[in-house]
$ cat input.cif   # mmCIF, C-alpha atoms; chains and numbers go by the auth columns
data_protein
#
loop_
_atom_site.group_PDB
_atom_site.id
_atom_site.type_symbol
_atom_site.label_atom_id
_atom_site.label_comp_id
_atom_site.label_asym_id
_atom_site.label_seq_id
_atom_site.Cartn_x
_atom_site.Cartn_y
_atom_site.Cartn_z
_atom_site.B_iso_or_equiv
_atom_site.auth_seq_id
_atom_site.auth_asym_id
ATOM 1 C CA GLU A 1 121.077 -13.303 17.834 0.00 498 A
ATOM 2 C CA THR A 2 122.523 -9.917 16.922 0.00 499 A
ATOM 3 C CA MET A 3 123.164 -7.163 19.450 0.00 500 A
ATOM 4 C CA LYS A 4 122.790 -3.815 17.711 0.00 501 A
ATOM 5 C CA TRP A 5 124.845 -0.890 18.925 0.00 502 A
ATOM 6 C CA ALA A 6 124.615 2.701 17.709 0.00 503 A
ATOM 7 C CA VAL A 7 126.802 5.733 18.270 0.00 504 A
ATOM 8 C CA LEU A 8 125.871 9.254 17.240 0.00 505 A
ATOM 9 C CA VAL A 9 128.729 11.414 15.959 0.00 506 A
ATOM 10 C CA ASP A 10 128.956 15.082 15.076 0.00 507 A
ATOM 11 C CA GLY A 11 132.685 15.626 14.617 0.00 508 A
ATOM 12 C CA SER A 12 133.246 16.903 18.154 0.00 509 A
ATOM 13 C CA ALA A 13 135.778 15.506 20.602 0.00 510 A
ATOM 14 C CA ALA A 14 132.883 14.393 22.822 0.00 511 A
ATOM 15 C CA SER A 15 131.343 12.286 20.060 0.00 512 A
ATOM 16 C CA GLY A 16 134.797 10.884 19.275 0.00 513 A
ATOM 17 C CA ARG A 17 135.044 9.752 22.888 0.00 514 A
ATOM 18 C CA ALA A 18 131.575 8.181 22.590 0.00 515 A
ATOM 19 C CA PHE A 19 132.822 6.220 19.573 0.00 516 A
ATOM 20 C CA ASP A 20 135.979 5.151 21.441 0.00 517 A
ATOM 21 C CA SER A 21 133.863 4.126 24.439 0.00 518 A
ATOM 22 C CA VAL A 22 131.513 1.930 22.424 0.00 519 A
ATOM 23 C CA VAL A 23 134.501 0.231 20.743 0.00 520 A
ATOM 24 C CA GLN A 24 136.188 -0.419 24.115 0.00 521 A
ATOM 25 C CA PHE A 25 132.939 -1.763 25.508 0.00 522 A
ATOM 26 C CA LEU A 26 132.403 -4.009 22.489 0.00 523 A
ATOM 27 C CA CYS A 27 135.957 -5.364 22.668 0.00 524 A
ATOM 28 C CA ALA A 28 135.503 -6.196 26.350 0.00 525 A
ATOM 29 C CA GLN A 29 132.242 -8.025 25.553 0.00 526 A
ATOM 30 C CA ASN A 30 133.587 -9.982 22.559 0.00 527 A
ATOM 31 C CA GLY A 31 133.251 -13.675 23.197 0.00 528 A
ATOM 32 C CA ARG A 32 130.789 -13.369 26.063 0.00 529 A
ATOM 33 C CA GLY A 33 127.657 -15.081 24.884 0.00 530 A
ATOM 34 C CA GLN A 34 126.576 -16.372 21.512 0.00 531 A
ATOM 35 C CA HIS A 35 125.424 -13.101 20.004 0.00 532 A
ATOM 36 C CA ARG A 36 126.955 -11.206 17.103 0.00 533 A
ATOM 37 C CA ASP A 37 127.663 -7.488 17.438 0.00 534 A
ATOM 38 C CA GLU A 38 126.672 -4.893 14.864 0.00 535 A
ATOM 39 C CA LEU A 39 127.726 -1.252 15.246 0.00 536 A
ATOM 40 C CA THR A 40 126.096 1.626 13.373 0.00 537 A
ATOM 41 C CA VAL A 41 127.762 5.030 13.296 0.00 538 A
ATOM 42 C CA LEU A 42 125.135 7.720 12.605 0.00 539 A
ATOM 43 C CA HIS A 43 125.676 11.336 11.592 0.00 540 A
ATOM 44 C CA THR A 44 122.838 13.714 10.741 0.00 541 A
ATOM 45 C CA PHE A 45 123.145 17.113 9.121 0.00 542 A
ATOM 46 C CA ASP A 46 121.269 19.848 7.274 0.00 543 A
ATOM 47 C CA PRO A 47 122.740 20.001 3.715 0.00 544 A
ATOM 48 C CA GLN A 48 122.069 23.738 3.372 0.00 545 A
ATOM 49 C CA GLU A 49 123.782 24.605 6.646 0.00 546 A
ATOM 50 C CA ASP A 50 126.497 22.052 5.977 0.00 547 A
ATOM 51 C CA ALA A 51 127.506 23.763 2.721 0.00 548 A
ATOM 52 C CA LYS A 52 128.369 26.922 4.690 0.00 549 A
ATOM 53 C CA LYS A 53 130.868 25.103 6.894 0.00 550 A
ATOM 54 C CA PRO A 54 134.563 24.575 6.153 0.00 551 A
ATOM 55 C CA TYR A 55 135.225 21.319 4.293 0.00 552 A
ATOM 56 C CA TYR A 56 136.668 19.514 7.320 0.00 553 A
ATOM 57 C CA LEU A 57 133.449 20.169 9.292 0.00 554 A
ATOM 58 C CA GLN A 58 131.026 19.046 6.590 0.00 555 A
ATOM 59 C CA GLY A 59 128.789 16.054 7.234 0.00 556 A
ATOM 60 C CA LEU A 60 130.038 13.635 4.591 0.00 557 A
ATOM 61 C CA ARG A 61 133.668 14.432 5.483 0.00 558 A
ATOM 62 C CA ILE A 62 132.943 13.605 9.135 0.00 559 A
ATOM 63 C CA LEU A 63 131.229 10.363 8.136 0.00 560 A
ATOM 64 C CA ASN A 64 134.089 9.379 5.800 0.00 561 A
ATOM 65 C CA SER A 65 136.588 9.847 8.617 0.00 562 A
ATOM 66 C CA TYR A 66 134.517 7.503 10.791 0.00 563 A
ATOM 67 C CA SER A 67 134.439 4.969 7.961 0.00 564 A
ATOM 68 C CA THR A 68 138.238 4.902 8.107 0.00 565 A
ATOM 69 C CA ILE A 69 138.329 4.826 11.910 0.00 566 A
ATOM 70 C CA SER A 70 135.781 1.987 11.869 0.00 567 A
ATOM 71 C CA ILE A 71 138.215 -0.247 9.981 0.00 568 A
ATOM 72 C CA ARG A 72 140.693 0.124 12.835 0.00 569 A
ATOM 73 C CA ALA A 73 137.938 -0.466 15.397 0.00 570 A
ATOM 74 C CA ARG A 74 136.809 -3.627 13.595 0.00 571 A
ATOM 75 C CA ARG A 75 140.375 -4.971 13.596 0.00 572 A
ATOM 76 C CA GLN A 76 140.707 -4.198 17.309 0.00 573 A
ATOM 77 C CA TYR A 77 137.420 -5.991 18.036 0.00 574 A
ATOM 78 C CA ASP A 78 138.232 -9.005 15.865 0.00 575 A
ATOM 79 C CA THR A 79 141.545 -9.599 17.669 0.00 576 A
ATOM 80 C CA ALA A 80 139.910 -9.270 21.116 0.00 577 A
ATOM 81 C CA GLY A 81 137.812 -12.413 20.846 0.00 578 A
ATOM 82 C CA PRO A 82 136.157 -15.029 18.652 0.00 579 A
ATOM 83 C CA GLN A 83 133.369 -12.866 17.190 0.00 580 A
ATOM 84 C CA LYS A 84 133.605 -10.597 14.135 0.00 581 A
ATOM 85 C CA LEU A 85 132.215 -7.054 14.279 0.00 582 A
ATOM 86 C CA LYS A 86 129.964 -5.691 11.567 0.00 583 A
ATOM 87 C CA VAL A 87 130.219 -1.898 11.233 0.00 584 A
ATOM 88 C CA LYS A 88 127.955 0.352 9.201 0.00 585 A
ATOM 89 C CA CYS A 89 128.351 4.124 8.805 0.00 586 A
ATOM 90 C CA MET A 90 125.279 6.049 7.739 0.00 587 A
ATOM 91 C CA HIS A 91 124.036 9.608 7.471 0.00 588 A
ATOM 92 C CA LYS A 92 120.619 11.191 7.409 0.00 589 A
ATOM 93 C CA THR A 93 119.782 14.691 6.356 0.00 590 A
ATOM 94 C CA TYR A 94 117.161 17.026 7.735 0.00 591 A
ATOM 95 C CA ASN A 95 115.917 20.554 7.127 0.00 592 A
ATOM 96 C CA SER A 96 116.702 22.746 10.134 0.00 593 A
ATOM 97 C CA GLU A 97 113.917 25.135 9.102 0.00 594 A
ATOM 98 C CA ASP A 98 111.403 22.446 10.067 0.00 595 A
ATOM 99 C CA GLU A 99 110.395 23.079 13.640 0.00 596 A
ATOM 100 C CA ASN A 100 108.594 20.668 15.928 0.00 597 A
ATOM 101 C CA VAL A 101 108.566 17.556 13.769 0.00 598 A
ATOM 102 C CA GLN A 102 106.259 14.805 15.027 0.00 599 A
ATOM 103 C CA VAL A 103 108.245 11.958 16.561 0.00 600 A
ATOM 104 C CA ALA A 104 105.585 10.002 18.454 0.00 601 A
ATOM 105 C CA ARG A 105 101.867 9.739 18.745 0.00 602 A
ATOM 106 C CA LEU A 106 100.093 8.004 21.583 0.00 603 A
ATOM 107 C CA GLU A 107 97.238 5.963 20.177 0.00 604 A
ATOM 108 C CA TYR A 108 95.004 6.099 23.248 0.00 605 A
ATOM 109 C CA PHE A 109 94.558 9.883 23.063 0.00 606 A
ATOM 110 C CA ASP A 110 91.632 11.089 20.962 0.00 607 A
ATOM 111 C CA SER A 111 92.813 14.696 21.042 0.00 608 A
ATOM 112 C CA GLY A 112 96.101 16.133 19.780 0.00 609 A
ATOM 113 C CA HIS A 113 97.554 16.016 23.305 0.00 610 A
ATOM 114 C CA GLY A 114 99.133 12.625 22.599 0.00 611 A
ATOM 115 C CA THR A 115 101.523 13.930 19.951 0.00 612 A
ATOM 116 C CA GLU A 116 105.196 14.466 20.794 0.00 613 A
ATOM 117 C CA THR A 117 107.307 16.789 18.657 0.00 614 A
ATOM 118 C CA ALA A 118 111.022 17.595 18.532 0.00 615 A
ATOM 119 C CA PRO A 119 113.423 19.856 16.616 0.00 616 A
ATOM 120 C CA ALA A 120 114.331 18.565 13.144 0.00 617 A
ATOM 121 C CA VAL A 121 117.767 17.209 14.111 0.00 618 A
ATOM 122 C CA VAL A 122 116.350 15.270 17.068 0.00 619 A
ATOM 123 C CA ALA A 123 113.442 13.994 14.969 0.00 620 A
ATOM 124 C CA SER A 124 115.879 12.824 12.283 0.00 621 A
ATOM 125 C CA ILE A 125 117.930 10.901 14.854 0.00 622 A
ATOM 126 C CA LEU A 126 114.927 9.356 16.603 0.00 623 A
ATOM 127 C CA ASN A 127 113.213 8.355 13.359 0.00 624 A
ATOM 128 C CA THR A 128 116.412 6.803 11.986 0.00 625 A
ATOM 129 C CA LEU A 129 117.032 4.882 15.198 0.00 626 A
ATOM 130 C CA HIS A 130 113.448 3.624 15.193 0.00 627 A
ATOM 131 C CA LYS A 131 112.994 2.843 11.484 0.00 628 A
ATOM 132 C CA ASP A 132 116.471 1.831 10.287 0.00 629 A
ATOM 133 C CA ILE A 133 118.757 0.761 13.128 0.00 630 A
ATOM 134 C CA HIS A 134 116.700 -0.649 16.050 0.00 631 A
ATOM 135 C CA PRO A 135 119.635 -0.428 18.490 0.00 632 A
ATOM 136 C CA ASP A 136 119.827 -2.376 21.717 0.00 633 A
ATOM 137 C CA PHE A 137 122.394 0.137 23.024 0.00 634 A
ATOM 138 C CA LEU A 138 123.009 3.784 22.146 0.00 635 A
ATOM 139 C CA PHE A 139 126.159 5.819 22.807 0.00 636 A
ATOM 140 C CA VAL A 140 125.965 9.610 22.525 0.00 637 A
ATOM 141 C CA GLY A 141 128.499 12.348 23.050 0.00 638 A
ATOM 142 C CA SER A 142 128.013 15.893 21.851 0.00 639 A
ATOM 143 C CA HIS A 143 129.286 19.268 22.913 0.00 640 A
ATOM 144 C CA GLY A 144 126.123 20.947 21.660 0.00 641 A
ATOM 145 C CA THR A 145 125.856 24.428 20.234 0.00 642 A
ATOM 146 C CA GLY A 146 123.941 26.302 22.885 0.00 643 A
ATOM 147 C CA GLY A 147 122.222 26.084 26.165 0.00 644 A
ATOM 148 C CA GLU A 148 123.405 26.842 29.643 0.00 645 A
ATOM 149 C CA LYS A 149 127.131 26.550 30.349 0.00 646 A
ATOM 150 C CA VAL A 150 127.874 23.920 32.969 0.00 647 A
ATOM 151 C CA GLY A 151 131.053 23.785 35.038 0.00 648 A
ATOM 152 C CA VAL A 152 132.413 27.097 33.758 0.00 649 A
#
$ encode --input "input.cif" --output "structure tokens"
Amino acid sequence: ETMKWAVLVDGSAASGRAFDSVVQFLCAQNGRGQHRDELTVLHTFDPQEDAKKPYYLQGLRILNSYSTISIRARRQYDTAGPQKLKVKCMHKTYNSEDENVQVARLEYFDSGHGTETAPAVVASILNTLHKDIHPDFLFVGSHGTGGEKVGV
């Protein structure tokens, strides 16, 4: 049996800590049980908005840095116990101009009231998790770009 883990990254320090946390957790769990562990690192971005950012903040650059970091994480995991970690880094793009993308539809509603929508970035993440990754565990850390300031 394979235990699937996912971590969402956006280049922030908070998402870096989420990545570090999932690796520490995986290393502590290595050898407990007969399952294999598979980690997917997911980054989503809008290509049009991404092109406006400095190179070091662009989506593929962020993902490439996690590909390198994942090699170190895999070595750390492999030395912590008998299992071998499989790591996959992937990206998905979205169009931030799309608002309220459908992410779920409840079959037992006959009217449109059973449809759930989300902003494009959230829809991209949820659809990728559902269709491509099927994680058993999800680690998230993001500083966000707006909203109410907490603890300031």
$ atom_distance --input "input.cif" --atom1 "CA of Gln555 (chain A)" --atom2 "CA of Gln521 (chain A)"
26.7 Å
$ residues_near_point --input "input.cif" --point "(113.5, 19.2, 7.3)" --cutoff "9 Å" --atoms "all atoms listed in the file" --output "CSV table (one decimal) with C-alpha atoms, keeping the file's coordinate frame"
chain,number,residue,atom,x,y,z
A,543,ASP,CA,121.3,19.8,7.3
A,590,THR,CA,119.8,14.7,6.4
A,591,TYR,CA,117.2,17.0,7.7
A,592,ASN,CA,115.9,20.6,7.1
A,593,SER,CA,116.7,22.7,10.1
A,594,GLU,CA,113.9,25.1,9.1
A,595,ASP,CA,111.4,22.4,10.1
A,596,GLU,CA,110.4,23.1,13.6
A,598,VAL,CA,108.6,17.6,13.8
A,617,ALA,CA,114.3,18.6,13.1
A,618,VAL,CA,117.8,17.2,14.1
A,621,SER,CA,115.9,12.8,12.3
$ resolve_selection --input "input.cif" --expression "the PyMOL selection byres ((chain A and resi 523) around 10)" --output "ChimeraX atom specification"
/A:502,517-522,524-528,534-536,570-571,573-574,577,582
$ atom_distance --input "input.cif" --atom1 "CA of Phe636 (chain A)" --atom2 "CA of Ala515 (chain A)"
5.9 Å
$ residues_around --input "input.cif" --residues "Asp629 (chain A)" --least-positions-apart "6" --cutoff "12 Å" --atoms "all atoms listed in the file" --output "compact mmCIF listing (two decimals) with C-alpha atoms, keeping the file's coordinate frame"
# COMPACT_ATOMS: atom_id res chain seq x y z
CA LYS A 501 122.79 -3.82 17.71
CA ALA A 503 124.62 2.70 17.71
CA THR A 537 126.10 1.63 13.37
CA LEU A 539 125.14 7.72 12.60
CA LYS A 585 127.96 0.35 9.20
CA MET A 587 125.28 6.05 7.74
CA HIS A 588 124.04 9.61 7.47
CA LYS A 589 120.62 11.19 7.41
CA SER A 621 115.88 12.82 12.28
CA ILE A 622 117.93 10.90 14.85
CA LEU A 623 114.93 9.36 16.60
$ atom_distance --input "input.cif" --atom1 "CA of Gly530 (chain A)" --atom2 "CA of Leu635 (chain A)"
19.6 Å
$ closest_residue --input "input.cif" --among "A:Asn597, A:Thr625, A:Ser567, A:Thr612" --to "Gly513 (chain A)" --atoms "all atoms listed in the file"
A:Ser567
$ closest_residue --input "input.cif" --among "A:Leu505, A:Val637, A:Val600, A:Leu554" --to "Cys586 (chain A)" --atoms "only C-alpha atoms"
A:Leu505
$ closest_residue --input "input.cif" --among "A:Gly578, A:Ser509, A:Asp633, A:Arg569" --to "His540 (chain A)" --atoms "only C-alpha atoms"
A:Ser509
$ axis_aligned_box --input "input.cif" --around "region 560-569 of chain A" --padding-each-side "3 Å" --output "JSON"
{"center_x": 136.0, "center_y": 5.1, "center_z": 9.3, "size_x": 15.5, "size_y": 16.6, "size_z": 13.0}
$ resolve_selection --input "input.cif" --expression "the PyMOL selection byres ((chain A and resi 531) around 9)" --output "number ranges by chain"
A: 498-499, 528-530, 532-533, 580
$ decode --input "input.cif" --residues "region 554-566 of chain A" --atoms "all heavy atoms" --output "short mmCIF file (atom, residue, chain, number, x, y, z; two decimals), in the first residue's frame"
data_model
loop_
_atom_site.label_atom_id
_atom_site.label_comp_id
_atom_site.auth_asym_id
_atom_site.auth_seq_id
_atom_site.Cartn_x
_atom_site.Cartn_y
_atom_site.Cartn_z
N LEU A 554 11.11 34.70 -8.49
CA LEU A 554 9.77 34.46 -7.95
C LEU A 554 8.84 33.78 -8.95
O LEU A 554 7.67 33.57 -8.65
CB LEU A 554 9.13 35.79 -7.52
CG LEU A 554 9.76 36.48 -6.32
CD1 LEU A 554 9.09 37.82 -6.07
CD2 LEU A 554 9.69 35.61 -5.09
N GLN A 555 9.36 33.42 -10.11
CA GLN A 555 8.52 32.80 -11.13
C GLN A 555 8.27 31.33 -10.80
O GLN A 555 9.10 30.65 -10.20
CB GLN A 555 9.14 32.95 -12.51
CG GLN A 555 9.11 34.39 -12.97
CD GLN A 555 9.69 34.58 -14.36
OE1 GLN A 555 10.13 33.63 -15.00
NE2 GLN A 555 9.69 35.82 -14.83
N GLY A 556 7.10 30.84 -11.24
CA GLY A 556 6.62 29.52 -10.88
C GLY A 556 7.57 28.38 -11.17
O GLY A 556 7.84 27.55 -10.30
N LEU A 557 8.09 28.30 -12.39
CA LEU A 557 8.97 27.18 -12.73
C LEU A 557 10.29 27.26 -11.96
O LEU A 557 10.87 26.23 -11.63
CB LEU A 557 9.20 27.11 -14.23
CG LEU A 557 7.96 26.74 -15.03
CD1 LEU A 557 8.26 26.74 -16.52
CD2 LEU A 557 7.40 25.39 -14.60
N ARG A 558 10.76 28.45 -11.66
CA ARG A 558 11.98 28.62 -10.85
C ARG A 558 11.74 28.09 -9.44
O ARG A 558 12.57 27.39 -8.87
CB ARG A 558 12.37 30.10 -10.82
CG ARG A 558 13.44 30.43 -9.82
CD ARG A 558 14.82 30.08 -10.32
NE ARG A 558 15.85 30.70 -9.54
CZ ARG A 558 16.43 30.13 -8.48
NH1 ARG A 558 16.05 28.94 -8.09
NH2 ARG A 558 17.37 30.74 -7.83
N ILE A 559 10.59 28.41 -8.87
CA ILE A 559 10.24 27.91 -7.53
C ILE A 559 10.18 26.39 -7.55
O ILE A 559 10.74 25.71 -6.69
CB ILE A 559 8.90 28.51 -7.06
CG1 ILE A 559 9.09 30.00 -6.78
CG2 ILE A 559 8.37 27.79 -5.83
CD1 ILE A 559 7.79 30.75 -6.55
N LEU A 560 9.52 25.83 -8.56
CA LEU A 560 9.40 24.37 -8.65
C LEU A 560 10.75 23.70 -8.85
O LEU A 560 11.03 22.67 -8.24
CB LEU A 560 8.44 23.99 -9.78
CG LEU A 560 7.95 22.56 -9.72
CD1 LEU A 560 7.11 22.31 -8.48
CD2 LEU A 560 7.15 22.23 -10.95
N ASN A 561 11.61 24.29 -9.67
CA ASN A 561 12.96 23.73 -9.87
C ASN A 561 13.76 23.73 -8.58
O ASN A 561 14.51 22.79 -8.31
CB ASN A 561 13.71 24.50 -10.96
CG ASN A 561 13.21 24.16 -12.34
OD1 ASN A 561 12.61 23.11 -12.56
ND2 ASN A 561 13.42 25.07 -13.27
N SER A 562 13.60 24.77 -7.75
CA SER A 562 14.33 24.78 -6.49
C SER A 562 13.83 23.66 -5.58
O SER A 562 14.61 23.03 -4.87
CB SER A 562 14.22 26.14 -5.80
OG SER A 562 12.92 26.37 -5.33
N TYR A 563 12.54 23.37 -5.62
CA TYR A 563 12.02 22.26 -4.81
C TYR A 563 12.43 20.91 -5.37
O TYR A 563 12.56 19.95 -4.63
CB TYR A 563 10.50 22.36 -4.65
CG TYR A 563 10.13 23.25 -3.49
CD1 TYR A 563 9.82 24.59 -3.69
CD2 TYR A 563 10.16 22.78 -2.19
CE1 TYR A 563 9.52 25.41 -2.63
CE2 TYR A 563 9.87 23.59 -1.12
CZ TYR A 563 9.56 24.91 -1.34
OH TYR A 563 9.27 25.72 -0.28
N SER A 564 12.67 20.83 -6.67
CA SER A 564 13.20 19.58 -7.23
C SER A 564 14.57 19.28 -6.64
O SER A 564 14.87 18.15 -6.29
CB SER A 564 13.29 19.68 -8.76
OG SER A 564 12.02 19.78 -9.32
N THR A 565 15.39 20.31 -6.51
CA THR A 565 16.72 20.15 -5.92
C THR A 565 16.62 19.82 -4.43
O THR A 565 17.28 18.92 -3.93
CB THR A 565 17.54 21.44 -6.11
OG1 THR A 565 17.62 21.71 -7.51
CG2 THR A 565 18.94 21.28 -5.55
N ILE A 566 15.78 20.56 -3.72
CA ILE A 566 15.59 20.32 -2.29
C ILE A 566 15.04 18.92 -2.03
O ILE A 566 15.38 18.27 -1.04
CB ILE A 566 14.67 21.40 -1.68
CG1 ILE A 566 15.34 22.77 -1.77
CG2 ILE A 566 14.31 21.08 -0.24
CD1 ILE A 566 14.41 23.93 -1.46
#
